[in-house]
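Working notes for the structure below.
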Amino acid sequence: MQERIPFYLLVILLIVVGTGSAVYRHLNQQVPWLPGQTREIWDVEARLEFSAPNTGVIARLAIPESQPGFTLLRQGTASPGYGLSYLTEGLAPAVRWSTEAADGKQVLYYRARFLVDPKADQAWPKPPLQNSEPIVPEQVRLAADQLISQAQQRAADEITLAAQLMRLLFEDQQGELLRQERSNGEAAMLLMQLAALPARQVTALKLRSGRRNQNSLSYLMVYGDQQVAFFNLTNGKEGRPERLLIWEMRDQPLIDVEGGRSTRLSFSMLREELAVQDALEQKYDDLSLVQVSLHSLPLQEQQLFRGLLLIPVGVMVVLMMRVLVGLRTSGTFMPVLIALALMQTELGAGLAGFVLVVLAGLIVRGYLSRLNLLLVARISAVIIVVILLTATFSVIAYNLRIVAGLNIIFFPMIIIAWTIERLSLLWEEEGAEEVFKQGGGSLLVALLAYMVMLNTLIQHLTFNFPGLQLVLLGAILLLGRYTGYRLVELVRFSPMLRQPEDKK
Amino acid sequence: MSWIASPAQLKRRGVLGMNRRNIMLIGQHNDRRRFPLVDDKLKTKQLAEEAGIAAPGLISLIQYQHQVRRIEQLLAEHSCFCIKPAKGSGGKGILVIHDHDNQNYFKPNNQSVSLPELKRHLSNILAGLFSLGGQPDKAIIESLIHFDNRFARYSFEGVPDIRIIVFRGYPVMAMMRLSTEASDGKANLHQGAVGVGLHIDNGKAAYAVQFDKPVAEHPDTGQALDQLVIPEWRKLLVMAARCYEITGLGYLGVDIVLDAHQGPMLLELNARPGLAIQIANNVGLEQRMSQLQTVIPQNLSPLDRVSAVQQLFQSS
């Protein structure tokens, strides 16, 4: 009885750790609970076009990075004849192309693949250092000060102040005065600097699927206490639209071409739906140790583990049928092996193949039993016969085009041989009825395990949340202590209730 | 809903279930290390001999394949015998021969077994075909029980045996198993043998079932079963109770046969006795055990324990 408390503590611990790890994986790495969910992936291509008068060329293009909302999965360039270097170590990521001599029209491509990722772990870059106040003509200064004091009356913090300033800049007459001599971006930046608001001008792309020849947009990014706000610099409206990818946010020029003329940059983009697993696989392609998961294994091993991690579920089914229902099977875990084999084949073909091989094996075993062989020799003989039978049936089935190859090769031959041996003994000792009872029971449990293991939700959960195996382990431990009646016992002992109790 | 019982109803009747038996009785009262004592019939035989408990005489022990080759010489001088795997369970692999002419060996139902078949059977036993987990085994050849004619009309072909469940040294429940035509001369209840529940205090029939249904008479001989009385009943109880001391197993099934000349003999012991005895008695084992646990003091001698249960489980 004293063992009870540690036992239940262990079970609770297993279940808590198991569910905990699953919840962690769900929250932190966004592994969804349900299968079949997809993630949005964007392929964005920047096309840099210029003409060169047969000179050396150095072209530099600012490139995007992971940011809140987007995770960069992959990038690449297409630029035949150009030397290429990624400048990603410094503060401002960029790609640099260079060539000794370029003549005529040149086109360079940079391509990036982004995962729309609400849980991207990248933060916005730090705000720029505050420069000393810019020197501006007195007239401008006065207008700006007026706007700032006007805005300050209606603002509570940096972001609301910036919002008021942007509104005034685009609606007020003083604002228009400011915008007369400079671009919207410059005017906005000037205001922000005079108001001592940390802000920077960024280049953004609105992602729309299948669009080509898109231009970049200018946005103003204002740093508040905790968050950042974006303002569209063509109309002063606040907010970051969905699917707005910030291409450049490190205060560097978007493009810089040395030796080229009539430079033009345009973008095209394509949206793609990807199964969550594939998306995650790409996201954690270069993973840190913390995020090690089965997805980091080569595809073939992943496939193997997909199967392996299902076995505990099958075992659980067998256990429940035994302990809760009381179904007898020939060979405790043989049903799991049959179920695994069925998953490799087609259900109907697999079942037919299995029954056929066992029946044929029983007939052969009947003959072998007359030869007076030692047990191990007899089972070895049955194994060989089973393999030959399998091969024969496969060839016949294939040639008759019954099914595309009767894939009973996946059945564990040795297990089948033992099953045949046991069933034939059972036949001799207890009669055919018991053979069909136990054989049928095994097949029934195998079918049940097969159906559970085939369930896409179960497959998804076992593979993506290996922690759930601990929950299964806890449940199995609990079942191991189950002392209640089995279902068949309720029937078996029911005659006792029909008779009056015999008082003694 | 009479074909299915609710768990609460069974619990009220004190019926013991398989899971509970495994965890609460076998798991807690039967030390794993002592299992070999009862799983190996040869060891059981030796234990019984040391303790002075009567058991069928050993004719021969077959351990090696070469012994099988000359088996007809060995058996020539014994007209009837019984071959058992030492580690067999559930009556598997037991072959009873009641006559032979050195070429053909006859089972009680006069089916003949040829000598090669007999040898194959022995080889199978040695290879572990009938043993738990398929480990290599030994074959025991022992002298046949002399059928007590008082039970002639109670049994079809086979020798009836008596199963007594001994819980922590106290016999708590008993039944006699009568083979029938349906059970093919075997005494296994699930194969159709009749189980007759016995009153613990006097060895008289209390209740009887075949295929889990109550019966009043033997299906083949028509003998009324309520007439059944086991002679020397107290001797059987004491024999069963003493098996607790020699094995140290707290939950034990003791199988006893009645020999016409030598009286009760210990046939085998079982560390995992089945639950059908409850149906044969129409009483739950759990009920008997809880009755016992509240009343009985510890550290009694086998004789005192038998007296105690005869007192406790009085019929009428």
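Numbering starts fresh at 1 for the residues of each chain in the structure tokens, the chains themselves are lettered A, B, ... in the order given, and ligands are numbered from 1 as they appear.
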_I need the chain A residues near chain B as a VMD selection string; criterion: at most 10 Å, counting only C-alpha atoms._
chain A and resid 322 to 324 326 369 to 376 421 to 422 425 to 426 429 to 431 434 479 to 504
Go ahead and save the picked residues with N, CA and C atoms, as a compact mmCIF listing (two decimals), in the first residue's frame.
```
# COMPACT_ATOMS: atom_id res chain seq x y z
N ARG A 322 -7.05 -6.78 -23.80
CA ARG A 322 -6.74 -7.84 -22.84
C ARG A 322 -7.31 -7.53 -21.47
N VAL A 323 -6.95 -6.36 -20.95
CA VAL A 323 -7.24 -6.07 -19.55
C VAL A 323 -8.67 -5.59 -19.36
N LEU A 324 -9.17 -4.81 -20.29
CA LEU A 324 -10.52 -4.27 -20.12
C LEU A 324 -11.57 -5.18 -20.73
N GLY A 326 -10.77 -8.51 -22.24
CA GLY A 326 -10.49 -9.91 -21.91
C GLY A 326 -10.47 -10.81 -23.13
N SER A 369 3.90 -32.73 -39.15
CA SER A 369 3.75 -33.34 -37.83
C SER A 369 3.83 -34.85 -37.92
N ARG A 370 3.58 -35.39 -39.14
CA ARG A 370 3.65 -36.84 -39.29
C ARG A 370 5.09 -37.31 -39.45
N LEU A 371 6.00 -36.38 -39.73
CA LEU A 371 7.39 -36.78 -39.99
C LEU A 371 8.17 -36.99 -38.71
N ASN A 372 7.54 -36.71 -37.57
CA ASN A 372 8.21 -36.93 -36.30
C ASN A 372 9.51 -36.13 -36.19
N LEU A 373 9.37 -34.79 -36.32
CA LEU A 373 10.55 -33.93 -36.27
C LEU A 373 10.68 -33.30 -34.89
N LEU A 374 11.89 -32.87 -34.61
CA LEU A 374 12.08 -32.08 -33.39
C LEU A 374 11.43 -30.73 -33.58
N LEU A 375 11.04 -30.14 -32.46
CA LEU A 375 10.26 -28.90 -32.51
C LEU A 375 10.94 -27.80 -33.32
N VAL A 376 12.22 -27.52 -32.98
CA VAL A 376 12.89 -26.40 -33.63
C VAL A 376 13.04 -26.66 -35.12
N GLU A 421 2.40 -22.80 -35.87
CA GLU A 421 2.72 -23.89 -34.96
C GLU A 421 1.73 -23.90 -33.78
N ARG A 422 1.53 -22.75 -33.18
CA ARG A 422 0.64 -22.68 -32.03
C ARG A 422 -0.78 -23.05 -32.40
N LEU A 425 -1.20 -26.73 -32.93
CA LEU A 425 -1.24 -27.44 -31.65
C LEU A 425 -2.61 -27.28 -31.00
N LEU A 426 -3.09 -26.06 -31.08
CA LEU A 426 -4.40 -25.75 -30.49
C LEU A 426 -5.46 -26.61 -31.15
N GLU A 429 -5.25 -30.11 -29.84
CA GLU A 429 -5.61 -30.30 -28.44
C GLU A 429 -7.02 -29.87 -28.11
N GLU A 430 -7.44 -28.75 -28.67
CA GLU A 430 -8.72 -28.20 -28.25
C GLU A 430 -9.74 -28.18 -29.37
N GLY A 431 -9.32 -28.53 -30.56
CA GLY A 431 -10.27 -28.56 -31.65
C GLY A 431 -10.28 -27.28 -32.46
N GLU A 434 -11.55 -23.65 -31.11
CA GLU A 434 -10.64 -22.79 -30.36
C GLU A 434 -9.67 -22.07 -31.30
N LEU A 479 -3.17 1.10 -16.38
CA LEU A 479 -3.90 -0.10 -16.79
C LEU A 479 -3.31 -1.34 -16.14
N GLY A 480 -1.99 -1.29 -15.92
CA GLY A 480 -1.33 -2.42 -15.29
C GLY A 480 -1.77 -2.63 -13.86
N ARG A 481 -2.39 -1.61 -13.28
CA ARG A 481 -2.87 -1.74 -11.90
C ARG A 481 -4.38 -1.88 -11.84
N TYR A 482 -5.01 -2.04 -12.99
CA TYR A 482 -6.47 -2.10 -13.03
C TYR A 482 -6.94 -3.43 -12.45
N THR A 483 -7.76 -3.35 -11.40
CA THR A 483 -8.20 -4.60 -10.77
C THR A 483 -9.68 -4.86 -10.99
N GLY A 484 -10.32 -4.07 -11.83
CA GLY A 484 -11.75 -4.26 -12.05
C GLY A 484 -12.02 -5.49 -12.93
N TYR A 485 -13.30 -5.75 -13.17
CA TYR A 485 -13.66 -6.91 -13.98
C TYR A 485 -13.40 -6.64 -15.45
N ARG A 486 -13.11 -7.71 -16.17
CA ARG A 486 -13.03 -7.61 -17.62
C ARG A 486 -14.43 -7.74 -18.19
N LEU A 487 -14.60 -7.21 -19.38
CA LEU A 487 -15.92 -7.23 -20.00
C LEU A 487 -16.43 -8.66 -20.15
N VAL A 488 -15.56 -9.57 -20.60
CA VAL A 488 -16.04 -10.94 -20.80
C VAL A 488 -16.41 -11.60 -19.48
N GLU A 489 -15.82 -11.13 -18.39
CA GLU A 489 -16.16 -11.72 -17.09
C GLU A 489 -17.57 -11.34 -16.66
N LEU A 490 -17.99 -10.17 -17.10
CA LEU A 490 -19.36 -9.76 -16.76
C LEU A 490 -20.34 -10.75 -17.37
N VAL A 491 -19.98 -11.28 -18.55
CA VAL A 491 -20.84 -12.28 -19.18
C VAL A 491 -20.60 -13.64 -18.54
N ARG A 492 -19.33 -13.96 -18.33
CA ARG A 492 -18.96 -15.28 -17.85
C ARG A 492 -19.59 -15.57 -16.48
N PHE A 493 -19.54 -14.58 -15.60
CA PHE A 493 -20.03 -14.82 -14.25
C PHE A 493 -21.51 -14.49 -14.09
N SER A 494 -22.14 -14.04 -15.18
CA SER A 494 -23.54 -13.63 -15.03
C SER A 494 -24.45 -14.78 -14.58
N PRO A 495 -24.15 -16.07 -14.95
CA PRO A 495 -25.04 -17.14 -14.45
C PRO A 495 -25.12 -17.17 -12.93
N MET A 496 -24.07 -16.69 -12.26
CA MET A 496 -24.07 -16.74 -10.80
C MET A 496 -25.16 -15.85 -10.22
N LEU A 497 -25.54 -14.82 -10.98
CA LEU A 497 -26.54 -13.90 -10.45
C LEU A 497 -27.94 -14.46 -10.63
N ARG A 498 -28.09 -15.39 -11.60
CA ARG A 498 -29.41 -15.93 -11.86
C ARG A 498 -29.84 -16.90 -10.75
N GLN A 499 -28.84 -17.47 -10.10
CA GLN A 499 -29.16 -18.42 -9.03
C GLN A 499 -29.24 -17.67 -7.70
N PRO A 500 -30.13 -18.12 -6.84
CA PRO A 500 -30.19 -17.47 -5.53
C PRO A 500 -28.86 -17.68 -4.80
N GLU A 501 -28.48 -16.71 -4.04
CA GLU A 501 -27.22 -16.81 -3.33
C GLU A 501 -27.29 -17.94 -2.32
N ASP A 502 -26.21 -18.72 -2.30
CA ASP A 502 -26.18 -19.87 -1.42
C ASP A 502 -25.52 -19.44 -0.12
N LYS A 503 -26.34 -19.28 0.91
CA LYS A 503 -25.78 -18.80 2.18
C LYS A 503 -25.08 -19.92 2.92
N LYS A 504 -23.86 -19.67 3.26
CA LYS A 504 -23.13 -20.70 4.00
C LYS A 504 -22.41 -20.06 5.17
```
_Residues near Gln201 in chain A, cut-off 10 Å, only C-alpha atoms, skip fewer than 2 positions along chain, as a VMD selection string_ = chain A and resid 185 to 186 188 to 189 199 203 to 204 218 to 222 230 to 231 233 248 to 252
Limited to N, CA and C atoms, could you put the picked residues into a file as an mmCIF file, in the first residue's frame?
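Heads up, here's the output in again.cif:
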```cif
data_model
loop_
_atom_site.group_PDB
_atom_site.id
_atom_site.type_symbol
_atom_site.label_atom_id
_atom_site.label_comp_id
_atom_site.auth_asym_id
_atom_site.auth_seq_id
_atom_site.Cartn_x
_atom_site.Cartn_y
_atom_site.Cartn_z
ATOM 1 N N GLY A 185 8.693 61.193 -47.258
ATOM 2 C CA GLY A 185 9.552 60.516 -46.289
ATOM 3 C C GLY A 185 10.460 61.486 -45.572
ATOM 4 N N GLU A 186 11.069 62.344 -46.324
ATOM 5 C CA GLU A 186 11.974 63.309 -45.700
ATOM 6 C C GLU A 186 11.226 64.232 -44.758
ATOM 7 N N ALA A 188 8.457 63.614 -43.164
ATOM 8 C CA ALA A 188 8.047 62.889 -41.965
ATOM 9 C C ALA A 188 9.234 62.698 -41.035
ATOM 10 N N MET A 189 10.360 62.307 -41.594
ATOM 11 C CA MET A 189 11.547 62.088 -40.781
ATOM 12 C C MET A 189 11.974 63.376 -40.082
ATOM 13 N N ALA A 199 12.604 57.043 -34.976
ATOM 14 C CA ALA A 199 11.881 56.553 -36.144
ATOM 15 C C ALA A 199 12.850 56.340 -37.279
ATOM 16 N N THR A 203 11.705 50.303 -46.277
ATOM 17 C CA THR A 203 11.152 49.919 -47.570
ATOM 18 C C THR A 203 10.367 48.634 -47.375
ATOM 19 N N ALA A 204 9.156 48.631 -47.875
ATOM 20 C CA ALA A 204 8.304 47.475 -47.625
ATOM 21 C C ALA A 204 7.711 46.973 -48.929
ATOM 22 N N SER A 218 7.187 52.912 -49.401
ATOM 23 C CA SER A 218 7.921 53.540 -48.303
ATOM 24 C C SER A 218 7.030 53.604 -47.078
ATOM 25 N N TYR A 219 7.584 53.186 -45.986
ATOM 26 C CA TYR A 219 6.843 53.263 -44.725
ATOM 27 C C TYR A 219 7.701 53.965 -43.693
ATOM 28 N N LEU A 220 7.032 54.566 -42.757
ATOM 29 C CA LEU A 220 7.739 55.157 -41.633
ATOM 30 C C LEU A 220 7.524 54.251 -40.430
ATOM 31 N N MET A 221 8.623 53.913 -39.788
ATOM 32 C CA MET A 221 8.536 53.003 -38.652
ATOM 33 C C MET A 221 8.866 53.808 -37.406
ATOM 34 N N VAL A 222 7.928 53.882 -36.478
ATOM 35 C CA VAL A 222 8.117 54.688 -35.282
ATOM 36 C C VAL A 222 8.200 53.764 -34.070
ATOM 37 N N PHE A 230 3.714 51.575 -37.842
ATOM 38 C CA PHE A 230 4.076 51.848 -39.233
ATOM 39 C C PHE A 230 3.111 52.855 -39.830
ATOM 40 N N PHE A 231 3.654 53.750 -40.619
ATOM 41 C CA PHE A 231 2.828 54.744 -41.305
ATOM 42 C C PHE A 231 3.154 54.692 -42.777
ATOM 43 N N LEU A 233 3.793 56.119 -46.126
ATOM 44 C CA LEU A 233 4.313 57.452 -46.432
ATOM 45 C C LEU A 233 3.682 58.059 -47.670
ATOM 46 N N GLU A 248 13.688 46.352 -46.198
ATOM 47 C CA GLU A 248 14.918 46.985 -45.715
ATOM 48 C C GLU A 248 14.566 47.829 -44.505
ATOM 49 N N MET A 249 15.267 47.642 -43.390
ATOM 50 C CA MET A 249 14.951 48.419 -42.192
ATOM 51 C C MET A 249 16.205 48.729 -41.394
ATOM 52 N N ARG A 250 17.317 48.896 -42.100
ATOM 53 C CA ARG A 250 18.584 49.157 -41.406
ATOM 54 C C ARG A 250 19.212 50.462 -41.875
ATOM 55 N N ASP A 251 18.411 51.344 -42.404
ATOM 56 C CA ASP A 251 18.909 52.654 -42.853
ATOM 57 C C ASP A 251 20.011 52.548 -43.898
ATOM 58 N N GLN A 252 19.908 51.596 -44.748
ATOM 59 C CA GLN A 252 20.880 51.533 -45.848
ATOM 60 C C GLN A 252 20.119 51.734 -47.144
#
```
_as number ranges by chain, please: the residues near Leu228 in chain B (cut-off 9 Å, only C-alpha atoms, same-chain neighbours under 5 positions excluded)._
B: 151, 154, 196, 198, 203-205
Can I get the selected residues back with C-alpha atoms, as a CSV table (one decimal), in the first residue's frame?
```
chain,number,residue,atom,x,y,z
B,151,PHE,CA,-16.9,-42.5,-8.6
B,154,TYR,CA,-19.8,-39.7,-11.8
B,196,VAL,CA,-19.1,-29.8,-8.7
B,198,LEU,CA,-18.1,-28.9,-2.6
B,203,GLY,CA,-17.0,-32.4,1.3
B,204,LYS,CA,-20.6,-32.8,0.0
B,205,ALA,CA,-21.8,-31.5,-3.3
```
_I'd like the neighbourhood of Val238 in chain B as a VMD selection string, where a residue qualifies if any of its atoms comes within 10 Å (using only C-alpha atoms), though same-chain residues fewer than 5 positions away should be ignored._
chain B and resid 169 to 171 233 243 301 to 307
*Tell me, as a count of residues only, which residues lie within 12 Å of Ile71 in chain B, counting only C-alpha atoms; anything in the same chain fewer than 5 positions away does not count.*
25
_Atomic separation - CA of Gly474 in chain A relative to CA of Val16 in chain A, Å_ =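 CA of Gly474 in chain A lies at a distance of 9.5 Å from CA of Val16 in chain A.
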*as a PyMOL selection string, which residues of range 155-230 of chain B does DSSP assign to strand (DSSP E)?*
chain B and resi 161-167+170-178+194-198+205-210+213-214
*Find the residues around Val95 in chain A up to 6 Å (only C-alpha atoms counted), leave out those fewer than 3 positions away in its own chain, and share them as a list of chain:residue names.*
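Surrounding residues, per the criterion: A:Arg60, A:Leu61, A:Ser85, A:Tyr86, A:Leu87.
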*Between CA of Glu50 in chain B and CA of Val257 in chain B, what is the distance, to one decimal in Å?*
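Separation between CA of Glu50 in chain B and CA of Val257 in chain B: 19.2 Å.
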*Could you write out, as a PyMOL selection string, all the residues of range 84-161 of chain B that DSSP marks as helix (DSSP H, G or I)?*
chain B and resi 115-127+132-134+149-154
